[in-house]
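Listing of work.csv; format and content: CSV, C-alpha atoms.
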```
chain,number,residue,atom,x,y,z
G,1096,MET,CA,35.5,-222.2,26.2
G,1097,THR,CA,36.5,-218.7,27.3
G,1098,VAL,CA,33.8,-218.7,30.0
G,1099,ILE,CA,35.0,-222.0,31.5
G,1100,ALA,CA,38.6,-220.7,31.4
G,1101,SER,CA,37.5,-217.5,33.1
G,1102,VAL,CA,35.8,-219.4,35.9
G,1103,PHE,CA,38.9,-221.5,36.5
G,1104,ILE,CA,41.2,-218.5,36.5
G,1105,VAL,CA,39.2,-216.4,38.9
G,1106,LEU,CA,38.6,-219.4,41.2
G,1107,GLY,CA,42.3,-220.2,41.3
G,1108,CYS,CA,43.4,-216.6,41.9
G,1109,ALA,CA,40.8,-216.3,44.7
G,1110,LEU,CA,42.1,-219.5,46.3
G,1111,THR,CA,45.7,-218.2,46.1
G,1112,LEU,CA,44.5,-215.0,47.7
G,1113,LEU,CA,42.9,-217.1,50.5
G,1114,ALA,CA,46.2,-218.8,51.0
G,1115,GLY,CA,47.9,-215.4,51.5
G,1116,VAL,CA,45.2,-214.3,54.0
G,1117,GLY,CA,45.6,-217.6,55.8
G,1118,ILE,CA,49.4,-217.4,56.2
G,1119,LEU,CA,49.0,-213.9,57.5
G,1120,ARG,CA,46.3,-214.5,60.0
G,1121,PHE,CA,46.7,-218.0,61.4
G,1122,PRO,CA,48.4,-218.3,64.8
G,1123,ASP,CA,51.3,-220.8,64.3
G,1124,VAL,CA,53.4,-222.3,61.6
G,1125,PHE,CA,51.5,-225.6,61.2
G,1126,THR,CA,48.1,-223.9,60.6
G,1127,ARG,CA,49.8,-221.5,58.2
G,1128,ALA,CA,51.4,-224.4,56.3
G,1129,ASN,CA,48.0,-226.1,56.2
G,1130,ALA,CA,46.3,-223.1,54.7
G,1131,ALA,CA,49.1,-222.4,52.2
G,1132,THR,CA,49.3,-226.1,51.0
G,1133,LYS,CA,45.6,-226.7,50.5
G,1134,ALA,CA,44.5,-223.4,49.1
G,1135,ALA,CA,47.5,-222.6,47.0
G,1136,GLY,CA,47.9,-226.2,45.6
G,1137,LEU,CA,44.4,-226.3,44.3
G,1138,GLY,CA,44.6,-222.6,43.3
G,1139,VAL,CA,47.7,-222.9,41.2
G,1140,ALA,CA,46.3,-226.1,39.5
G,1141,CYS,CA,43.1,-224.2,38.7
G,1142,VAL,CA,44.9,-221.2,37.2
G,1143,LEU,CA,47.2,-223.4,35.1
G,1144,LEU,CA,44.2,-225.4,33.7
G,1145,GLY,CA,42.3,-222.2,33.1
G,1146,ALA,CA,45.2,-220.6,31.2
G,1147,GLY,CA,45.5,-223.8,29.1
G,1148,LEU,CA,41.8,-223.6,28.2
G,1149,TRP,CA,42.1,-219.9,27.5
G,1150,ILE,CA,45.0,-220.3,25.0
G,1151,GLY,CA,43.3,-223.3,23.5
G,1152,THR,CA,46.2,-224.9,21.6
G,1153,TRP,CA,47.3,-228.5,22.1
G,1154,GLU,CA,50.9,-227.5,23.0
G,1155,ALA,CA,49.8,-225.1,25.7
G,1156,GLY,CA,47.2,-227.4,27.0
G,1157,ILE,CA,49.6,-230.4,27.4
G,1158,LYS,CA,52.3,-228.3,29.0
G,1159,LEU,CA,50.0,-226.6,31.5
G,1160,GLY,CA,48.2,-229.8,32.1
G,1161,ILE,CA,51.5,-231.5,33.1
G,1162,ALA,CA,52.4,-228.6,35.3
G,1163,ALA,CA,48.9,-228.7,37.0
G,1164,VAL,CA,49.2,-232.4,37.7
G,1165,LEU,CA,52.7,-232.0,39.1
G,1166,GLN,CA,51.6,-229.1,41.3
G,1167,PHE,CA,48.6,-231.1,42.5
G,1168,LEU,CA,50.9,-234.0,43.4
G,1169,THR,CA,53.8,-232.2,45.0
G,1170,ALA,CA,52.0,-229.5,47.0
G,1171,PRO,CA,50.8,-231.8,49.8
G,1172,ILE,CA,54.3,-233.5,50.0
G,1173,SER,CA,56.1,-230.2,50.4
G,1174,GLY,CA,53.5,-229.0,53.0
G,1175,HIS,CA,54.0,-232.2,55.0
G,1176,LEU,CA,57.8,-231.9,54.9
G,1177,ILE,CA,57.7,-228.3,56.0
G,1178,GLY,CA,55.4,-229.1,58.9
G,1179,ARG,CA,57.5,-232.1,60.0
G,1180,ALA,CA,60.7,-230.1,59.8
G,1181,ALA,CA,59.1,-227.2,61.8
G,1182,TYR,CA,58.0,-229.5,64.6
G,1183,ARG,CA,61.5,-231.2,64.8
G,1184,SER,CA,63.2,-227.8,64.9
G,1185,GLY,CA,61.0,-226.9,67.9
G,1186,ALA,CA,58.6,-224.4,66.4
G,1187,PRO,CA,56.1,-223.2,69.1
G,1188,LEU,CA,52.5,-224.5,68.9
G,1189,ALA,CA,49.6,-222.1,69.1
G,1190,ALA,CA,48.1,-221.5,72.5
G,1191,SER,CA,44.8,-223.0,71.4
G,1192,THR,CA,46.3,-226.4,70.6
G,1193,HIS,CA,44.5,-229.1,72.6
G,1194,ILE,CA,46.1,-232.4,71.5
G,1195,ASP,CA,49.8,-232.8,70.6
G,1196,ASP,CA,50.1,-236.4,69.5
G,1197,LEU,CA,53.9,-236.1,68.8
G,1198,ALA,CA,54.6,-235.0,72.4
G,1199,ASP,CA,55.1,-238.6,73.5
G,1200,PRO,CA,56.9,-239.2,76.8
G,1201,ALA,CA,59.3,-241.7,75.1
G,1202,ASP,CA,60.1,-239.1,72.4
G,1203,THR,CA,60.9,-236.4,74.9
G,1204,LEU,CA,63.0,-238.8,77.0
G,1205,SER,CA,65.1,-239.9,74.0
G,1206,GLN,CA,65.4,-236.3,73.0
G,1207,SER,CA,66.6,-235.3,76.4
G,1208,LEU,CA,69.1,-238.2,76.4
G,1209,GLU,CA,70.4,-237.0,73.0
G,1210,ASP,CA,70.9,-233.5,74.5
N,977,MET,CA,40.8,-209.8,29.0
N,978,THR,CA,39.2,-208.2,32.0
N,979,VAL,CA,39.3,-211.6,33.7
N,980,LEU,CA,43.1,-211.7,33.3
N,981,TRP,CA,43.4,-208.3,34.9
N,982,VAL,CA,41.2,-209.4,37.9
N,983,GLY,CA,43.5,-212.4,38.2
N,984,PHE,CA,46.6,-210.3,38.2
N,985,GLY,CA,45.2,-208.1,40.9
N,986,LEU,CA,44.2,-211.1,43.2
N,987,LEU,CA,47.6,-212.6,42.7
N,988,ALA,CA,49.4,-209.3,43.5
N,989,ALA,CA,47.4,-209.1,46.7
N,990,SER,CA,48.3,-212.7,47.6
N,991,PHE,CA,52.0,-212.0,46.9
N,992,SER,CA,51.9,-208.9,49.1
N,993,LEU,CA,50.4,-210.8,52.0
N,994,ALA,CA,53.0,-213.6,51.6
N,995,LEU,CA,55.7,-210.9,51.6
N,996,VAL,CA,54.5,-209.5,54.9
N,997,ARG,CA,54.6,-212.9,56.5
N,998,ALA,CA,58.1,-213.5,55.1
N,999,VAL,CA,59.3,-210.3,56.7
N,1000,ILE,CA,57.6,-210.7,60.1
N,1001,GLY,CA,57.6,-214.5,60.3
N,1002,PRO,CA,59.0,-215.6,63.7
N,1003,THR,CA,60.6,-218.9,62.6
N,1004,VAL,CA,62.4,-220.0,59.5
N,1005,ALA,CA,59.6,-222.4,58.7
N,1006,ASP,CA,57.2,-219.5,58.5
N,1007,ARG,CA,59.4,-217.8,56.0
N,1008,ALA,CA,59.7,-221.0,54.0
N,1009,VAL,CA,55.9,-221.3,53.8
N,1010,ALA,CA,55.6,-217.7,52.8
N,1011,ALA,CA,58.2,-218.1,50.1
N,1012,ASP,CA,56.2,-221.1,48.8
N,1013,VAL,CA,53.1,-219.1,48.5
N,1014,GLY,CA,55.0,-216.3,46.8
N,1015,LEU,CA,56.4,-218.8,44.3
N,1016,TYR,CA,52.9,-220.1,43.7
N,1017,GLY,CA,51.8,-216.6,42.9
N,1018,ILE,CA,54.7,-216.1,40.4
N,1019,ILE,CA,53.8,-219.4,38.7
N,1020,SER,CA,50.2,-218.3,38.3
N,1021,VAL,CA,51.3,-214.9,37.0
N,1022,LEU,CA,53.4,-216.7,34.4
N,1023,ALA,CA,50.5,-218.8,33.2
N,1024,LEU,CA,48.3,-215.7,33.0
N,1025,LEU,CA,51.0,-213.8,31.1
N,1026,ALA,CA,51.1,-216.7,28.6
N,1027,ALA,CA,47.4,-216.4,28.2
N,1028,ALA,CA,47.5,-212.6,27.9
N,1029,THR,CA,50.4,-212.2,25.4
N,1030,GLY,CA,50.2,-215.6,23.6
N,1031,ALA,CA,53.9,-216.1,24.0
N,1032,GLY,CA,54.6,-219.8,24.5
N,1033,GLN,CA,57.9,-219.3,26.3
N,1034,PHE,CA,56.0,-218.5,29.6
N,1035,LEU,CA,54.6,-222.0,29.6
N,1036,ASP,CA,58.0,-223.6,29.8
N,1037,VAL,CA,59.0,-221.2,32.6
N,1038,ALA,CA,55.8,-222.1,34.6
N,1039,LEU,CA,56.5,-225.8,34.2
N,1040,ILE,CA,60.1,-225.5,35.3
N,1041,GLY,CA,58.9,-223.2,38.2
N,1042,VAL,CA,56.6,-225.9,39.5
N,1043,LEU,CA,59.4,-228.5,39.5
N,1044,LEU,CA,62.0,-226.2,41.0
N,1045,GLY,CA,59.6,-225.0,43.7
N,1046,PHE,CA,59.1,-228.5,44.9
N,1047,LEU,CA,62.8,-229.3,45.0
N,1048,ALA,CA,63.6,-226.0,46.8
N,1049,THR,CA,60.9,-226.7,49.4
N,1050,VAL,CA,62.4,-230.2,50.1
N,1051,ALA,CA,65.9,-228.8,50.4
N,1052,LEU,CA,64.7,-226.0,52.7
N,1053,ALA,CA,62.8,-228.6,54.9
N,1054,ALA,CA,65.9,-230.6,55.3
N,1055,LEU,CA,67.8,-227.4,56.3
N,1056,VAL,CA,65.0,-226.4,58.8
N,1057,GLY,CA,64.7,-229.8,60.3
N,1058,ARG,CA,68.4,-230.0,61.1
N,1059,GLN,CA,68.6,-226.9,63.3
N,1060,ARG,CA,67.7,-227.2,67.0
N,1061,SER,CA,66.3,-224.0,68.4
```

Could you spell out this file's structure in structure tokens?
Amino acid sequence: MTVIASVFIVLGCALTLLAGVGILRFPDVFTRANAATKAAGLGVACVLLGAGLWIGTWEAGIKLGIAAVLQFLTAPISGHLIGRAAYRSGAPLAASTHIDDLADPADTLSQSLED
Amino acid sequence: MTVLWVGFGLLAASFSLALVRAVIGPTVADRAVAADVGLYGIISVLALLAAATGAGQFLDVALIGVLLGFLATVALAALVGRQRS
């Protein structure tokens, strides 16, 4: 049991570290939010499950299992919300961006009419 | 027990990188993402502390932290989306 818990804990901590490296090195806020959401969501869920297995009691397992499921469900939603809010507040895209599907002529027209 | 120390070290490195991005981040959304990753690190540290010390109180704090982190991110996204820069 301890071996499985150790694998989960080290994997989750390494994924969280990858999220940190990603938000430091990626060029714009959308790629950073992508790295943080995917890596850290799975990483935290792995750490919580690993800690539950490490402790080994029913109480700890149920509490950490609920926390892991909630984290797994809410991390993508918060990442999506942050990305949407960043685009609407006019955060700059990276210079290597090829396609911007939201830069619709109708959108920019209505936005310039609002301004 | 060595595994837990390795985990603490990895999480500390992740938190430091998120702190750097929160300081230098050009937009508010960057800082929000960095704060999110920092909170994830804190939640993971709480779970590892519960495993290391056997104190059950850390489990409740970790569970509340997950819920409050999601709510804080939603509120911050509403705040960021409202500003026109």

Which residues of chain G come within 8 Å of chain N, and what is each one's closest atom pair and distance in Å (one decimal), counting all atoms listed in the file, sorted by chain and residue number, as a tab-separated table?
```
residue	atom	partner	partner_atom	distance
G:Ser1101	CA	N:Val979	CA	6.2
G:Ile1104	CA	N:Gly983	CA	6.7
G:Val1105	CA	N:Gly983	CA	5.9
G:Cys1108	CA	N:Gly983	CA	5.6
G:Ala1109	CA	N:Leu986	CA	6.4
G:Thr1111	CA	N:Ser990	CA	6.3
G:Leu1112	CA	N:Ser990	CA	4.4
G:Leu1113	CA	N:Ser990	CA	7.5
G:Ala1114	CA	N:Ser990	CA	7.3
G:Gly1115	CA	N:Ser990	CA	4.8
G:Val1116	CA	N:Leu993	CA	6.6
G:Ile1118	CA	N:Arg997	CA	6.9
G:Leu1119	CA	N:Arg997	CA	5.8
G:Val1124	CA	N:Asp1006	CA	5.6
G:Arg1127	CA	N:Val1009	CA	7.5
G:Ala1128	CA	N:Val1009	CA	6.0
G:Ala1131	CA	N:Val1013	CA	6.4
G:Ala1135	CA	N:Val1013	CA	6.8
G:Val1139	CA	N:Ser1020	CA	6.0
G:Val1142	CA	N:Ser1020	CA	6.1
G:Leu1143	CA	N:Ala1023	CA	6.0
G:Ala1146	CA	N:Ala1027	CA	5.6
G:Gly1147	CA	N:Ala1027	CA	7.7
G:Trp1149	CA	N:Ala1027	CA	6.4
G:Ile1150	CA	N:Ala1027	CA	5.6
G:Ala1155	CA	N:Leu1035	CA	6.9
G:Lys1158	CA	N:Leu1035	CA	6.7
G:Leu1159	CA	N:Leu1035	CA	6.8
G:Ile1161	CA	N:Leu1039	CA	7.7
G:Ala1162	CA	N:Leu1039	CA	5.1
G:Leu1165	CA	N:Val1042	CA	7.3
G:Gln1166	CA	N:Val1042	CA	6.2
G:Thr1169	CA	N:Phe1046	CA	6.5
G:Ala1170	CA	N:Phe1046	CA	7.5
G:Ser1173	CA	N:Thr1049	CA	6.0
G:Leu1176	CA	N:Ala1053	CA	6.0
G:Ile1177	CA	N:Ala1053	CA	5.2
G:Gly1178	CA	N:Ala1005	CA	7.9
G:Arg1179	CA	N:Gly1057	CA	7.6
G:Ala1180	CA	N:Gly1057	CA	4.0
G:Ala1181	CA	N:Ala1005	CA	5.7
G:Tyr1182	CA	N:Gly1057	CA	8.0
G:Arg1183	CA	N:Gly1057	CA	5.7
G:Ser1184	CA	N:Arg1060	CA	5.0
G:Gly1185	CA	N:Ser1061	CA	6.1
G:Ala1186	CA	N:Thr1003	CA	7.0
```

### Message
Ranking G:Gly1117, G:Leu1106, G:Thr1152, G:Asp1123 by minimum distance to Gly1138 (chain G) and counting all atoms listed in the file, which one comes first?
### Response
G:Leu1106

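Taking CA of Val1098 (chain G) and CA of Lys1133 (chain G) as the two end points, the separation is 25.0 Å.
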
### Query
What is the distance between CA of Gly1136 (chain G) and CA of Trp1153 (chain G), in Å to one decimal?
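According to the coordinates, CA of Gly1136 (chain G) and CA of Trp1153 (chain G) are separated by 23.6 Å.
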
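What separates CA of Leu1197 (chain G) from CA of Ala1134 (chain G) is a distance of 25.3 Å.
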
Reconstructed region 1145-1179 of chain G, atom set N, CA and C atoms, as a PDB file, in the frame of the given file:
```
ATOM      1  N   GLY G1145      43.038-223.240  33.743  1.00  0.00           N
ATOM      2  CA  GLY G1145      42.300-222.200  33.100  1.00  0.00           C
ATOM      3  C   GLY G1145      43.069-221.480  32.020  1.00  0.00           C
ATOM      4  N   ALA G1146      44.380-221.255  32.265  1.00  0.00           N
ATOM      5  CA  ALA G1146      45.200-220.600  31.200  1.00  0.00           C
ATOM      6  C   ALA G1146      45.322-221.541  30.009  1.00  0.00           C
ATOM      7  N   GLY G1147      45.446-222.864  30.246  1.00  0.00           N
ATOM      8  CA  GLY G1147      45.500-223.800  29.100  1.00  0.00           C
ATOM      9  C   GLY G1147      44.236-223.760  28.296  1.00  0.00           C
ATOM     10  N   LEU G1148      43.064-223.701  28.982  1.00  0.00           N
ATOM     11  CA  LEU G1148      41.800-223.600  28.200  1.00  0.00           C
ATOM     12  C   LEU G1148      41.674-222.287  27.513  1.00  0.00           C
ATOM     13  N   TRP G1149      42.206-221.199  28.137  1.00  0.00           N
ATOM     14  CA  TRP G1149      42.100-219.900  27.500  1.00  0.00           C
ATOM     15  C   TRP G1149      42.903-219.817  26.230  1.00  0.00           C
ATOM     16  N   ILE G1150      44.141-220.359  26.252  1.00  0.00           N
ATOM     17  CA  ILE G1150      45.000-220.300  25.000  1.00  0.00           C
ATOM     18  C   ILE G1150      44.367-221.248  23.980  1.00  0.00           C
ATOM     19  N   GLY G1151      44.057-222.483  24.373  1.00  0.00           N
ATOM     20  CA  GLY G1151      43.300-223.300  23.500  1.00  0.00           C
ATOM     21  C   GLY G1151      44.070-224.165  22.491  1.00  0.00           C
ATOM     22  N   THR G1152      45.418-224.055  22.471  1.00  0.00           N
ATOM     23  CA  THR G1152      46.200-224.900  21.600  1.00  0.00           C
ATOM     24  C   THR G1152      46.584-226.200  22.282  1.00  0.00           C
ATOM     25  N   TRP G1153      46.917-227.244  21.507  1.00  0.00           N
ATOM     26  CA  TRP G1153      47.300-228.500  22.100  1.00  0.00           C
ATOM     27  C   TRP G1153      48.589-228.400  22.900  1.00  0.00           C
ATOM     28  N   GLU G1154      49.557-227.626  22.324  1.00  0.00           N
ATOM     29  CA  GLU G1154      50.900-227.500  23.000  1.00  0.00           C
ATOM     30  C   GLU G1154      50.718-226.879  24.362  1.00  0.00           C
ATOM     31  N   ALA G1155      49.999-225.766  24.416  1.00  0.00           N
ATOM     32  CA  ALA G1155      49.800-225.100  25.700  1.00  0.00           C
ATOM     33  C   ALA G1155      49.028-225.950  26.661  1.00  0.00           C
ATOM     34  N   GLY G1156      47.991-226.623  26.140  1.00  0.00           N
ATOM     35  CA  GLY G1156      47.200-227.400  27.000  1.00  0.00           C
ATOM     36  C   GLY G1156      47.952-228.580  27.645  1.00  0.00           C
ATOM     37  N   ILE G1157      48.812-229.241  26.833  1.00  0.00           N
ATOM     38  CA  ILE G1157      49.600-230.400  27.400  1.00  0.00           C
ATOM     39  C   ILE G1157      50.601-229.886  28.397  1.00  0.00           C
ATOM     40  N   LYS G1158      51.315-228.796  28.061  1.00  0.00           N
ATOM     41  CA  LYS G1158      52.300-228.300  29.000  1.00  0.00           C
ATOM     42  C   LYS G1158      51.713-227.862  30.317  1.00  0.00           C
ATOM     43  N   LEU G1159      50.635-227.066  30.233  1.00  0.00           N
ATOM     44  CA  LEU G1159      50.000-226.600  31.500  1.00  0.00           C
ATOM     45  C   LEU G1159      49.311-227.691  32.205  1.00  0.00           C
ATOM     46  N   GLY G1160      48.798-228.704  31.466  1.00  0.00           N
ATOM     47  CA  GLY G1160      48.200-229.800  32.100  1.00  0.00           C
ATOM     48  C   GLY G1160      49.213-230.620  32.950  1.00  0.00           C
ATOM     49  N   ILE G1161      50.409-230.855  32.358  1.00  0.00           N
ATOM     50  CA  ILE G1161      51.500-231.500  33.100  1.00  0.00           C
ATOM     51  C   ILE G1161      51.856-230.732  34.334  1.00  0.00           C
ATOM     52  N   ALA G1162      52.007-229.394  34.150  1.00  0.00           N
ATOM     53  CA  ALA G1162      52.400-228.600  35.300  1.00  0.00           C
ATOM     54  C   ALA G1162      51.304-228.615  36.376  1.00  0.00           C
ATOM     55  N   ALA G1163      50.013-228.629  35.988  1.00  0.00           N
ATOM     56  CA  ALA G1163      48.900-228.700  37.000  1.00  0.00           C
ATOM     57  C   ALA G1163      48.952-229.977  37.742  1.00  0.00           C
ATOM     58  N   VAL G1164      49.153-231.104  37.031  1.00  0.00           N
ATOM     59  CA  VAL G1164      49.200-232.400  37.700  1.00  0.00           C
ATOM     60  C   VAL G1164      50.362-232.477  38.678  1.00  0.00           C
ATOM     61  N   LEU G1165      51.537-231.994  38.222  1.00  0.00           N
ATOM     62  CA  LEU G1165      52.700-232.000  39.100  1.00  0.00           C
ATOM     63  C   LEU G1165      52.485-231.156  40.334  1.00  0.00           C
ATOM     64  N   GLN G1166      51.889-229.979  40.146  1.00  0.00           N
ATOM     65  CA  GLN G1166      51.600-229.100  41.300  1.00  0.00           C
ATOM     66  C   GLN G1166      50.660-229.774  42.254  1.00  0.00           C
ATOM     67  N   PHE G1167      49.630-230.423  41.704  1.00  0.00           N
ATOM     68  CA  PHE G1167      48.600-231.100  42.500  1.00  0.00           C
ATOM     69  C   PHE G1167      49.254-232.225  43.325  1.00  0.00           C
ATOM     70  N   LEU G1168      50.260-232.901  42.724  1.00  0.00           N
ATOM     71  CA  LEU G1168      50.900-234.000  43.400  1.00  0.00           C
ATOM     72  C   LEU G1168      51.909-233.581  44.444  1.00  0.00           C
ATOM     73  N   THR G1169      52.673-232.500  44.138  1.00  0.00           N
ATOM     74  CA  THR G1169      53.800-232.200  45.000  1.00  0.00           C
ATOM     75  C   THR G1169      53.447-231.185  46.102  1.00  0.00           C
ATOM     76  N   ALA G1170      52.357-230.436  45.987  1.00  0.00           N
ATOM     77  CA  ALA G1170      52.000-229.500  47.000  1.00  0.00           C
ATOM     78  C   ALA G1170      51.776-230.107  48.388  1.00  0.00           C
ATOM     79  N   PRO G1171      50.996-231.205  48.487  1.00  0.00           N
ATOM     80  CA  PRO G1171      50.800-231.800  49.800  1.00  0.00           C
ATOM     81  C   PRO G1171      52.117-232.372  50.384  1.00  0.00           C
ATOM     82  N   ILE G1172      53.000-232.912  49.506  1.00  0.00           N
ATOM     83  CA  ILE G1172      54.300-233.500  50.000  1.00  0.00           C
ATOM     84  C   ILE G1172      55.118-232.375  50.618  1.00  0.00           C
ATOM     85  N   SER G1173      55.213-231.233  49.911  1.00  0.00           N
ATOM     86  CA  SER G1173      56.100-230.200  50.400  1.00  0.00           C
ATOM     87  C   SER G1173      55.471-229.594  51.723  1.00  0.00           C
ATOM     88  N   GLY G1174      54.131-229.509  51.801  1.00  0.00           N
ATOM     89  CA  GLY G1174      53.500-229.000  53.000  1.00  0.00           C
ATOM     90  C   GLY G1174      53.797-229.950  54.208  1.00  0.00           C
ATOM     91  N   HIS G1175      53.696-231.252  53.963  1.00  0.00           N
ATOM     92  CA  HIS G1175      54.000-232.200  55.000  1.00  0.00           C
ATOM     93  C   HIS G1175      55.435-232.127  55.473  1.00  0.00           C
ATOM     94  N   LEU G1176      56.359-231.993  54.503  1.00  0.00           N
ATOM     95  CA  LEU G1176      57.800-231.900  54.900  1.00  0.00           C
ATOM     96  C   LEU G1176      58.072-230.667  55.682  1.00  0.00           C
ATOM     97  N   ILE G1177      57.472-229.521  55.294  1.00  0.00           N
ATOM     98  CA  ILE G1177      57.700-228.300  56.000  1.00  0.00           C
ATOM     99  C   ILE G1177      57.171-228.396  57.462  1.00  0.00           C
ATOM    100  N   GLY G1178      55.968-228.978  57.600  1.00  0.00           N
ATOM    101  CA  GLY G1178      55.400-229.100  58.900  1.00  0.00           C
ATOM    102  C   GLY G1178      56.239-230.026  59.815  1.00  0.00           C
ATOM    103  N   ARG G1179      56.709-231.149  59.249  1.00  0.00           N
ATOM    104  CA  ARG G1179      57.500-232.100  60.000  1.00  0.00           C
ATOM    105  C   ARG G1179      58.851-231.438  60.442  1.00  0.00           C
TER     106      ARG G1179
END
```
